[in-house]
Each structure stands twice: as structure tokens, then as C-alpha cells.
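Peer 1: One file is attached below, run-v4.txt, containing compact mmCIF, C-alpha atoms.
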# COMPACT_ATOMS: atom_id res chain seq x y z
CA MET A 1 13.11 25.44 -11.68
CA GLN A 2 13.33 23.09 -8.72
CA SER A 3 9.66 23.73 -8.02
CA LEU A 4 8.81 22.79 -11.60
CA LEU A 5 10.87 19.57 -11.35
CA ARG A 6 9.15 18.65 -8.11
CA THR A 7 5.76 19.22 -9.76
CA VAL A 8 6.69 17.07 -12.76
CA ALA A 9 8.06 14.31 -10.51
CA ALA A 10 4.89 14.33 -8.38
CA ALA A 11 2.69 14.16 -11.46
CA THR A 12 4.74 11.28 -12.87
CA LEU A 13 4.50 9.40 -9.56
CA MET A 14 0.73 9.89 -9.42
CA ALA A 15 0.39 8.65 -13.01
CA LEU A 16 2.38 5.53 -12.19
CA ILE A 17 0.30 4.87 -9.07
CA SER A 18 -2.92 5.28 -11.01
CA LEU A 19 -1.96 2.76 -13.72
CA PRO A 20 -4.07 -0.41 -13.58
CA VAL A 21 -2.31 -3.31 -11.90
CA MET A 22 -2.22 -6.29 -14.22
CA ALA A 23 -3.38 -9.39 -12.36
CA THR A 24 -1.15 -12.43 -12.66
CA ASP A 25 -2.79 -15.31 -14.49
CA MET A 26 -3.61 -18.33 -12.37
CA SER A 27 -1.96 -21.63 -13.30
CA ASP A 28 -3.52 -24.12 -10.87
CA ALA A 29 -6.53 -25.72 -12.62
CA ALA A 30 -8.08 -26.99 -9.39
CA GLU A 31 -7.90 -23.52 -7.85
CA ILE A 32 -9.53 -21.96 -10.92
CA VAL A 33 -12.34 -24.53 -10.82
CA GLU A 34 -12.89 -23.94 -7.10
CA ARG A 35 -13.20 -20.17 -7.69
CA ALA A 36 -15.65 -20.85 -10.51
CA ASN A 37 -17.68 -23.10 -8.21
CA LEU A 38 -17.87 -20.35 -5.58
CA ALA A 39 -18.87 -17.75 -8.17
CA SER A 40 -21.55 -20.00 -9.68
CA TYR A 41 -23.21 -21.43 -6.58
CA TYR A 42 -22.16 -19.53 -3.44
CA SER A 43 -22.83 -15.83 -4.05
CA GLY A 44 -24.02 -14.24 -0.82
CA ASN A 45 -25.06 -16.19 2.26
CA ASP A 46 -28.30 -17.21 0.57
CA GLY A 47 -30.33 -16.39 -2.51
CA ARG A 48 -33.67 -16.49 -4.25
CA SER A 49 -34.69 -16.39 -7.91
CA GLU A 50 -37.68 -17.09 -10.12
CA VAL A 51 -37.12 -19.17 -13.23
CA ARG A 52 -38.99 -19.53 -16.48
CA MET A 53 -37.91 -22.65 -18.33
CA THR A 54 -38.66 -23.32 -22.00
CA ILE A 55 -38.10 -26.88 -23.20
CA THR A 56 -37.89 -27.41 -26.97
CA ASP A 57 -37.63 -30.91 -28.43
CA GLY A 58 -35.96 -31.90 -31.69
CA GLN A 59 -39.19 -31.29 -33.62
CA GLY A 60 -39.53 -27.73 -32.30
CA ARG A 61 -42.36 -28.46 -29.86
CA GLU A 62 -42.24 -26.39 -26.67
CA GLN A 63 -43.15 -26.91 -23.03
CA GLN A 64 -42.77 -24.41 -20.23
CA ARG A 65 -42.07 -24.65 -16.53
CA GLN A 66 -41.99 -21.94 -13.88
CA PHE A 67 -40.45 -22.29 -10.44
CA THR A 68 -38.71 -20.50 -7.58
CA ILE A 69 -35.28 -21.47 -6.24
CA LEU A 70 -34.16 -20.83 -2.65
CA ARG A 71 -30.53 -21.44 -1.64
CA LEU A 72 -28.67 -21.36 1.68
CA ASN A 73 -24.93 -21.75 2.25
CA GLU A 74 -23.72 -23.12 5.58
CA ALA A 75 -20.23 -21.90 4.65
CA PRO A 76 -18.53 -20.67 1.45
CA GLY A 77 -17.71 -23.78 -0.54
CA GLY A 78 -19.24 -25.94 2.18
CA ARG A 79 -22.50 -27.71 2.90
CA GLN A 80 -25.39 -26.14 1.04
CA HIS A 81 -29.17 -26.38 0.61
CA PHE A 82 -31.44 -25.86 -2.42
CA TYR A 83 -35.23 -25.74 -2.53
CA VAL A 84 -37.07 -25.63 -5.87
CA ALA A 85 -40.86 -25.11 -5.85
CA PHE A 86 -42.84 -25.33 -9.11
CA SER A 87 -45.80 -23.04 -9.79
CA ARG A 88 -46.62 -23.67 -13.49
CA PRO A 89 -48.03 -25.44 -15.45
CA ALA A 90 -50.89 -27.02 -13.51
CA ASP A 91 -49.59 -30.59 -13.89
CA VAL A 92 -46.37 -29.79 -11.97
CA ARG A 93 -47.72 -27.10 -9.60
CA ASP A 94 -46.51 -27.66 -6.00
CA THR A 95 -43.91 -30.20 -7.09
CA VAL A 96 -40.79 -29.64 -4.97
CA PHE A 97 -37.18 -30.63 -5.56
CA MET A 98 -34.80 -30.26 -2.63
CA VAL A 99 -31.05 -30.86 -2.31
CA THR A 100 -28.57 -30.91 0.54
CA LYS A 101 -25.05 -30.81 -0.86
CA ASN A 102 -22.65 -32.74 1.35
CA LEU A 103 -18.86 -32.61 1.19
CA ASP A 104 -18.06 -36.01 2.69
CA ARG A 105 -20.74 -38.19 1.08
CA ASP A 106 -23.32 -38.26 -1.70
CA ASP A 107 -25.76 -35.38 -1.82
CA ASP A 108 -29.27 -35.88 -0.43
CA ARG A 109 -31.98 -35.22 -3.02
CA TRP A 110 -35.75 -35.37 -2.63
CA LEU A 111 -38.63 -34.94 -5.06
CA TYR A 112 -42.16 -34.34 -3.83
CA LEU A 113 -44.96 -35.30 -6.25
CA PRO A 114 -48.22 -33.69 -5.02
CA SER A 115 -50.49 -35.68 -7.35
CA LEU A 116 -49.40 -38.85 -5.52
CA ASP A 117 -48.57 -37.16 -2.20
CA LEU A 118 -45.26 -38.99 -2.57
CA VAL A 119 -41.77 -38.04 -1.41
CA ARG A 120 -39.13 -39.82 -3.48
CA ARG A 121 -35.42 -39.93 -2.75
CA ILE A 122 -33.28 -39.39 -5.83
CA SER A 123 -30.30 -41.72 -5.76
CA ALA A 124 -26.76 -40.64 -6.57
CA GLY A 125 -27.00 -42.64 -9.78
CA ASP A 126 -29.93 -40.50 -10.97
CA LYS A 127 -28.25 -37.11 -10.54
CA ARG A 128 -27.39 -36.95 -14.25
CA THR A 129 -30.90 -37.67 -15.46
CA SER A 130 -33.45 -35.18 -16.80
CA PHE A 131 -34.64 -32.47 -14.42
CA VAL A 132 -38.45 -32.47 -14.76
CA GLY A 133 -38.38 -33.39 -18.43
CA SER A 134 -35.87 -30.71 -19.45
CA HIS A 135 -32.40 -30.99 -20.98
CA PHE A 136 -30.90 -29.84 -17.68
CA PHE A 137 -29.89 -32.58 -15.25
CA TYR A 138 -30.59 -32.68 -11.51
CA GLU A 139 -26.87 -32.16 -11.00
CA ASP A 140 -26.90 -28.99 -13.11
CA VAL A 141 -29.27 -27.30 -10.68
CA SER A 142 -27.06 -27.58 -7.59
CA GLY A 143 -23.69 -28.13 -9.27
CA ARG A 144 -21.16 -30.91 -9.57
CA HIS A 145 -18.56 -31.23 -6.81
CA PRO A 146 -15.17 -30.02 -8.10
CA GLY A 147 -13.49 -32.90 -6.27
CA GLU A 148 -15.32 -35.49 -8.37
CA ASP A 149 -13.11 -34.70 -11.36
CA THR A 150 -9.46 -34.12 -12.23
CA HIS A 151 -8.81 -30.77 -13.89
CA VAL A 152 -6.20 -29.61 -16.39
CA LEU A 153 -5.63 -26.04 -17.61
CA LEU A 154 -5.53 -26.28 -21.40
CA GLU A 155 -5.30 -22.62 -22.36
CA THR A 156 -5.17 -19.11 -20.95
CA THR A 157 -6.29 -16.19 -23.11
CA ASP A 158 -6.68 -12.49 -22.33
CA THR A 159 -10.24 -13.10 -21.14
CA HIS A 160 -10.74 -16.79 -20.31
CA TYR A 161 -9.35 -19.96 -18.80
CA LEU A 162 -10.08 -23.19 -20.67
CA ILE A 163 -10.23 -26.20 -18.33
CA GLU A 164 -10.59 -29.87 -19.28
CA SER A 165 -12.03 -32.18 -16.62
CA HIS A 166 -12.27 -35.98 -16.38
CA PRO A 167 -14.40 -37.87 -13.83
CA LYS A 168 -12.42 -39.76 -11.22
CA ASP A 169 -15.15 -42.43 -11.21
CA ALA A 170 -16.52 -42.97 -14.72
CA SER A 171 -19.62 -44.68 -13.32
CA THR A 172 -20.81 -41.32 -11.90
CA ALA A 173 -20.91 -39.59 -15.28
CA ASP A 174 -22.56 -39.91 -18.68
CA PHE A 175 -19.61 -38.09 -20.30
CA HIS A 176 -16.01 -39.05 -21.01
CA HIS A 177 -14.74 -35.55 -20.24
CA TYR A 178 -15.82 -31.92 -20.53
CA ARG A 179 -14.28 -28.52 -21.22
CA VAL A 180 -15.19 -25.30 -19.46
CA SER A 181 -14.50 -21.74 -20.59
CA ILE A 182 -14.26 -19.59 -17.43
CA ASN A 183 -14.34 -15.80 -17.60
CA LYS A 184 -11.22 -14.39 -15.89
CA GLN A 185 -13.02 -11.28 -14.66
CA HIS A 186 -15.87 -12.82 -12.66
CA PHE A 187 -14.99 -16.56 -12.81
CA LEU A 188 -18.42 -17.63 -14.04
CA PRO A 189 -18.28 -20.49 -16.57
CA GLU A 190 -19.59 -19.19 -19.87
CA LYS A 191 -19.63 -22.44 -21.84
CA ILE A 192 -19.33 -26.13 -20.99
CA GLU A 193 -18.87 -28.79 -23.69
CA TYR A 194 -19.48 -32.42 -22.77
CA MET A 195 -17.66 -34.99 -24.89
CA ASP A 196 -17.91 -38.71 -25.48
CA ALA A 197 -14.98 -41.16 -25.70
CA SER A 198 -14.35 -40.24 -29.34
CA GLY A 199 -13.98 -36.57 -28.43
CA ALA A 200 -17.25 -35.52 -30.06
CA VAL A 201 -19.24 -32.77 -28.30
CA TYR A 202 -22.78 -34.01 -27.65
CA ARG A 203 -24.06 -31.57 -25.01
CA THR A 204 -23.39 -27.92 -24.21
CA VAL A 205 -24.36 -25.60 -21.36
CA GLU A 206 -24.00 -21.85 -21.89
CA ALA A 207 -24.48 -18.65 -19.90
CA LEU A 208 -26.21 -16.37 -22.41
CA ASP A 209 -26.65 -13.30 -20.20
CA ILE A 210 -24.66 -12.28 -17.12
CA GLN A 211 -25.58 -9.20 -15.09
CA ASP A 212 -24.51 -7.60 -11.83
CA VAL A 213 -27.14 -8.11 -9.11
CA GLU A 214 -26.42 -6.56 -5.71
CA GLY A 215 -22.70 -6.69 -6.48
CA PHE A 216 -22.71 -10.35 -7.56
CA PRO A 217 -22.16 -11.39 -11.20
CA THR A 218 -25.28 -13.45 -11.90
CA VAL A 219 -26.37 -15.67 -14.78
CA MET A 220 -29.75 -14.34 -15.94
CA ARG A 221 -30.22 -16.60 -18.96
CA SER A 222 -28.73 -20.02 -19.65
CA ARG A 223 -29.18 -22.74 -22.25
CA VAL A 224 -28.42 -26.43 -22.52
CA GLN A 225 -28.40 -28.09 -25.94
CA ASP A 226 -28.58 -31.78 -26.75
CA LEU A 227 -26.64 -31.92 -30.01
CA ARG A 228 -27.76 -35.49 -30.70
CA SER A 229 -31.51 -34.92 -30.52
CA GLY A 230 -31.49 -31.27 -31.55
CA GLY A 231 -33.46 -30.30 -28.43
CA GLN A 232 -32.66 -27.51 -26.01
CA THR A 233 -33.83 -25.93 -22.75
CA VAL A 234 -33.51 -22.25 -21.87
CA MET A 235 -33.77 -20.92 -18.32
CA GLU A 236 -34.49 -17.22 -17.71
CA PHE A 237 -33.98 -15.87 -14.18
CA GLY A 238 -35.82 -12.96 -12.61
CA PHE A 239 -36.45 -11.30 -9.23
CA VAL A 240 -33.01 -12.40 -8.06
CA ALA A 241 -32.10 -11.42 -4.49
CA TYR A 242 -29.28 -12.24 -2.10
CA ASN A 243 -28.73 -12.27 1.66
CA LEU A 244 -32.38 -12.60 2.62
CA GLY A 245 -31.71 -14.27 5.97
CA LEU A 246 -33.22 -17.64 5.04
CA PRO A 247 -33.48 -19.98 8.06
CA VAL A 248 -32.21 -23.55 7.70
CA GLU A 249 -35.69 -24.82 8.68
CA VAL A 250 -36.90 -23.85 5.20
CA PHE A 251 -34.89 -26.80 3.87
CA SER A 252 -36.36 -29.54 6.09
CA GLU A 253 -38.28 -32.54 4.78
CA ARG A 254 -41.38 -31.01 6.34
CA SER A 255 -41.17 -28.23 3.75
CA LEU A 256 -41.64 -30.70 0.91
CA ARG A 257 -45.34 -30.98 1.68
CA ARG A 258 -45.79 -27.61 3.43
CA GLN A 259 -44.06 -24.98 1.31
CA PRO A 260 -42.46 -21.96 3.03
CA ARG A 261 -44.78 -19.51 1.26
CA ASP A 262 -43.43 -16.42 3.02
CA TRP A 263 -39.94 -17.06 1.59
CA LEU A 264 -41.22 -18.03 -1.84
CA ARG A 265 -42.99 -14.68 -2.29
CA ARG A 266 -41.16 -11.95 -4.17
CA PRO A 267 -39.22 -9.64 -1.83
CA GLN A 268 -40.83 -6.21 -1.39
Could I get this file's structure written as C-alpha cells?

Peer 2:
Amino acid sequence: MQSLLRTVAAATLMALISLPVMATDMSDAAEIVERANLASYYSGNDGRSEVRMTITDGQGREQQRQFTILRLNEAPGGRQHFYVAFSRPADVRDTVFMVTKNLDRDDDRWLYLPSLDLVRRISAGDKRTSFVGSHFFYEDVSGRHPGEDTHVLLETTDTHYLIESHPKDASTADFHHYRVSINKQHFLPEKIEYMDASGAVYRTVEALDIQDVEGFPTVMRSRVQDLRSGGQTVMEFGFVAYNLGLPVEVFSERSLRRQPRDWLRRPQ
């Protein structure tokens, strides 16, 4: 009898140990946003992806762009580098967009236009303008600094956090405020709604497909919609790879005119 009781007690203990531990919901909006920023832009030490972009205007006319993105983190959540090299169509081939994200000052942004052999600095005031004719903005590519906004947790559901954010300096934004739905499992934002002063949503950014790549939850398809014009841009990501060992020299101004072809090729 005692042996049976010991067996039952051991089985009960094992069952209790094996029960899933329910994670406590987070309540600090700034902490949630910081985790979302890390999940969205800092996976791995570096990364590479190929992007096919389809731009559709309000009349249904389409344009396409194709480019490769290289990214290097100096530290998680810290200084960071992006290099975007266009390959198609012919009129934008070899155009390069490069960003150095700084924590203590405005980001450095460059655009190389091969048809003019011209390197142009993109000012901080232009970061929320169209990225190569699409509905994405330059700032969407490398991300907005979490510290530029104040954040409030509006709602917590079983699956998502809903955050509302207001710019600290209204002159740096084309929006009055925005709301972000962040998945509690992987902390990737799944939908962002930008609102004007009346509270009307005029622009949305959505993650349409999220997959696991090398252990990192990764957005494989995203869409931005301009609800005023009826236009939209879809980005589809492929050949995504992390932790390639990218050297910082790839992200020098010299690389604007002389592309790092070895790193732009698809990994074998």
C-alpha cells in the first residue's frame, strides 16, 4: 500500500512539474516596445535578405523593385548599420541606400544614385518620406527609435499587447499618434495604425507572414497601405540568413559606389 501511495505521489509531482508555466503579463509599455524593437530589428548579430517589392497605386497600376538588405548590429539595441542594394528594374539597378542608426544623435542616411554618380545625404526631416517611390518610408526600413515617442499600454489580451505611442517632438512625425499590436509570443508587431489629430487611421503597416528562420521569428511578407490614396506596397522576403560574420567595412561610404558583391550574393 505504501509503495502504491509513493507511486501515486511521484506521478502527481511529475504532472505538476510538467504543467506549462504561465508567463506573467508585462505592464511597462516602454519595456514592451523595447522588446518589440529588438525582435524586429536586432535578430542575430547580423542578417541578410532579398526583397521583392510590389508598389500598387490607387488606380491599380503596379511597379516592382528588387533589392538585397544587409544588416549589422554593434550591440543588441545599440548602434546599427543597414545597406540596401537595388538590382531591379534597370532604372534603379545599383542604387544604394545606407543607414547608420545612432543612439545619441540623428541617424546618418545616404542614397547613391548611379545614373548621376551622386551620393546624397538624407536629412532627418526626410526620414518619413517615400522609400524609392513606395508607400514605405525610409524610417520603416531601419526602424523608429523607441525613445522618440511616449508609450502607453492600452490593452492586454491572451495573445497581444496594444500600445499607443505619441511623438515627443511633433515636428519629427507626419502622424499624431499610432497604435501597435504586438504578439506576446515572439514580440513582433503584427499591425501598426497611424492616426491623424482627429483619430482617423490613414496608414497601416502589417506583418502578413511570420516564419521561424534559424530560430528567429522573421517577417517574410509585409504590407503598408495608404488609406487616403488607396495605394499599397507589399514586401516579400526570401533567402534570409543570420550571423554571417559581416565586417563593419561593408557599411562604409566607399561601399556606396563599390558594392560588396561577395556579401550580396546568396549564401551557399

Peer 1: With distances taken over only C-alpha atoms, which residue among A:Asp209, A:Glu148, A:Glu164, A:Asp169 lies nearest Asp104 (chain A)?

Peer 2: A:Glu148

Peer 1: What separation in Å, quoted to one decimal, exists between CA of Val240 (chain A) and CA of Tyr194 (chain A)?

Peer 2: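 These two atoms are separated by 28.3 Å.
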
Peer 1: Using all atoms listed in the file, which of the listed residues (A:Phe136, A:Tyr42, A:Tyr178, A:Trp110) sits closest to Arg71 (chain A)?

Peer 2: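 Among the listed residues, the smallest separation from Arg71 (chain A) belongs to A:Tyr42.
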
Peer 1: Calculated over only C-alpha atoms, which of the candidates A:His176, A:Arg93, A:His160, A:Arg88 has the smallest distance to Pro189 (chain A)?

Peer 2: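 Result for the nearest residue to Pro189 (chain A): A:His160.
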
Peer 1: If I take CA of Phe82 (chain A) and CA of Thr172 (chain A), how far is one from the other in Å, to one decimal?

Peer 2: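 CA of Thr172 (chain A) lies 21.0 Å from CA of Phe82 (chain A).
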
Peer 1: For Met26 (chain A), which residue among A:Glu253, A:Asp212, A:Glu206, A:Glu155 is the nearest when counting only C-alpha atoms?

Peer 2: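 Closest to Met26 (chain A) of all the choices is A:Glu155.
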
Peer 1: Compare A:Ile55, A:Ile192, A:Val141, A:Leu256 by their minimum atom-to-atom distance to Gly230 (chain A), counting only C-alpha atoms, and give me the closest one.

Peer 2: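 Using only C-alpha atoms, Gly230 (chain A) sits closest to A:Ile55.
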
Peer 1: How far is it from CA of Thr204 (chain A) to CA of Gln225 (chain A), in Å with one decimal?

Peer 2: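 Between CA of Thr204 (chain A) and CA of Gln225 (chain A) the gap works out to 5.3 Å.
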
Peer 1: Under the rule that all atoms listed in the file are counted, which of A:Thr68, A:Ser171, A:Ser181, A:Gln63 is the nearest residue to Arg48 (chain A)?

Peer 2: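 Going through A:Thr68, A:Ser171, A:Ser181, A:Gln63 one by one, the smallest distance to Arg48 (chain A) is for A:Thr68.
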
Peer 1: Mind listing as a PDB file with C-alpha atoms, in the frame of the given file all residues within 9 Å of (-10.1, -12.6, -14.5), counting only C-alpha atoms?

Peer 2:
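Saved file result-v4.pdb follows:
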ATOM      1  CA  ALA A  23      -3.380  -9.390 -12.360  1.00  0.00           C
ATOM      2  CA  ASP A  25      -2.790 -15.310 -14.490  1.00  0.00           C
ATOM      3  CA  MET A  26      -3.610 -18.330 -12.370  1.00  0.00           C
ATOM      4  CA  ASP A 158      -6.680 -12.490 -22.330  1.00  0.00           C
ATOM      5  CA  THR A 159     -10.240 -13.100 -21.140  1.00  0.00           C
ATOM      6  CA  HIS A 160     -10.740 -16.790 -20.310  1.00  0.00           C
ATOM      7  CA  TYR A 161      -9.350 -19.960 -18.800  1.00  0.00           C
ATOM      8  CA  ILE A 182     -14.260 -19.590 -17.430  1.00  0.00           C
ATOM      9  CA  ASN A 183     -14.340 -15.800 -17.600  1.00  0.00           C
ATOM     10  CA  LYS A 184     -11.220 -14.390 -15.890  1.00  0.00           C
ATOM     11  CA  GLN A 185     -13.020 -11.280 -14.660  1.00  0.00           C
ATOM     12  CA  HIS A 186     -15.870 -12.820 -12.660  1.00  0.00           C
ATOM     13  CA  PHE A 187     -14.990 -16.560 -12.810  1.00  0.00           C
TER      14      PHE A 187
END

Peer 1: Which residues are near Ser255 (chain A)? Cut-off 10 Å, all atoms listed in the file, ignore same chain within fewer than 3 positions. Put them as a PyMOL selection string.

Peer 2: chain A and resi 83+96+98+112+249-252+258-261

Peer 1: Deliver the residues from the most recent selection as a file, using C-alpha atoms, as a CSV table (one decimal), in the frame of the given file.

Peer 2:
chain,number,residue,atom,x,y,z
A,83,TYR,CA,-35.2,-25.7,-2.5
A,96,VAL,CA,-40.8,-29.6,-5.0
A,98,MET,CA,-34.8,-30.3,-2.6
A,112,TYR,CA,-42.2,-34.3,-3.8
A,249,GLU,CA,-35.7,-24.8,8.7
A,250,VAL,CA,-36.9,-23.8,5.2
A,251,PHE,CA,-34.9,-26.8,3.9
A,252,SER,CA,-36.4,-29.5,6.1
A,258,ARG,CA,-45.8,-27.6,3.4
A,259,GLN,CA,-44.1,-25.0,1.3
A,260,PRO,CA,-42.5,-22.0,3.0
A,261,ARG,CA,-44.8,-19.5,1.3

Peer 1: For Pro114 (chain A), work out the shell of residues within 9 Å, counting all atoms listed in the file and skipping chain neighbours fewer than 4 positions away, then give it as a VMD selection string.

Peer 2: chain A and resid 92 to 96 118 to 119 257
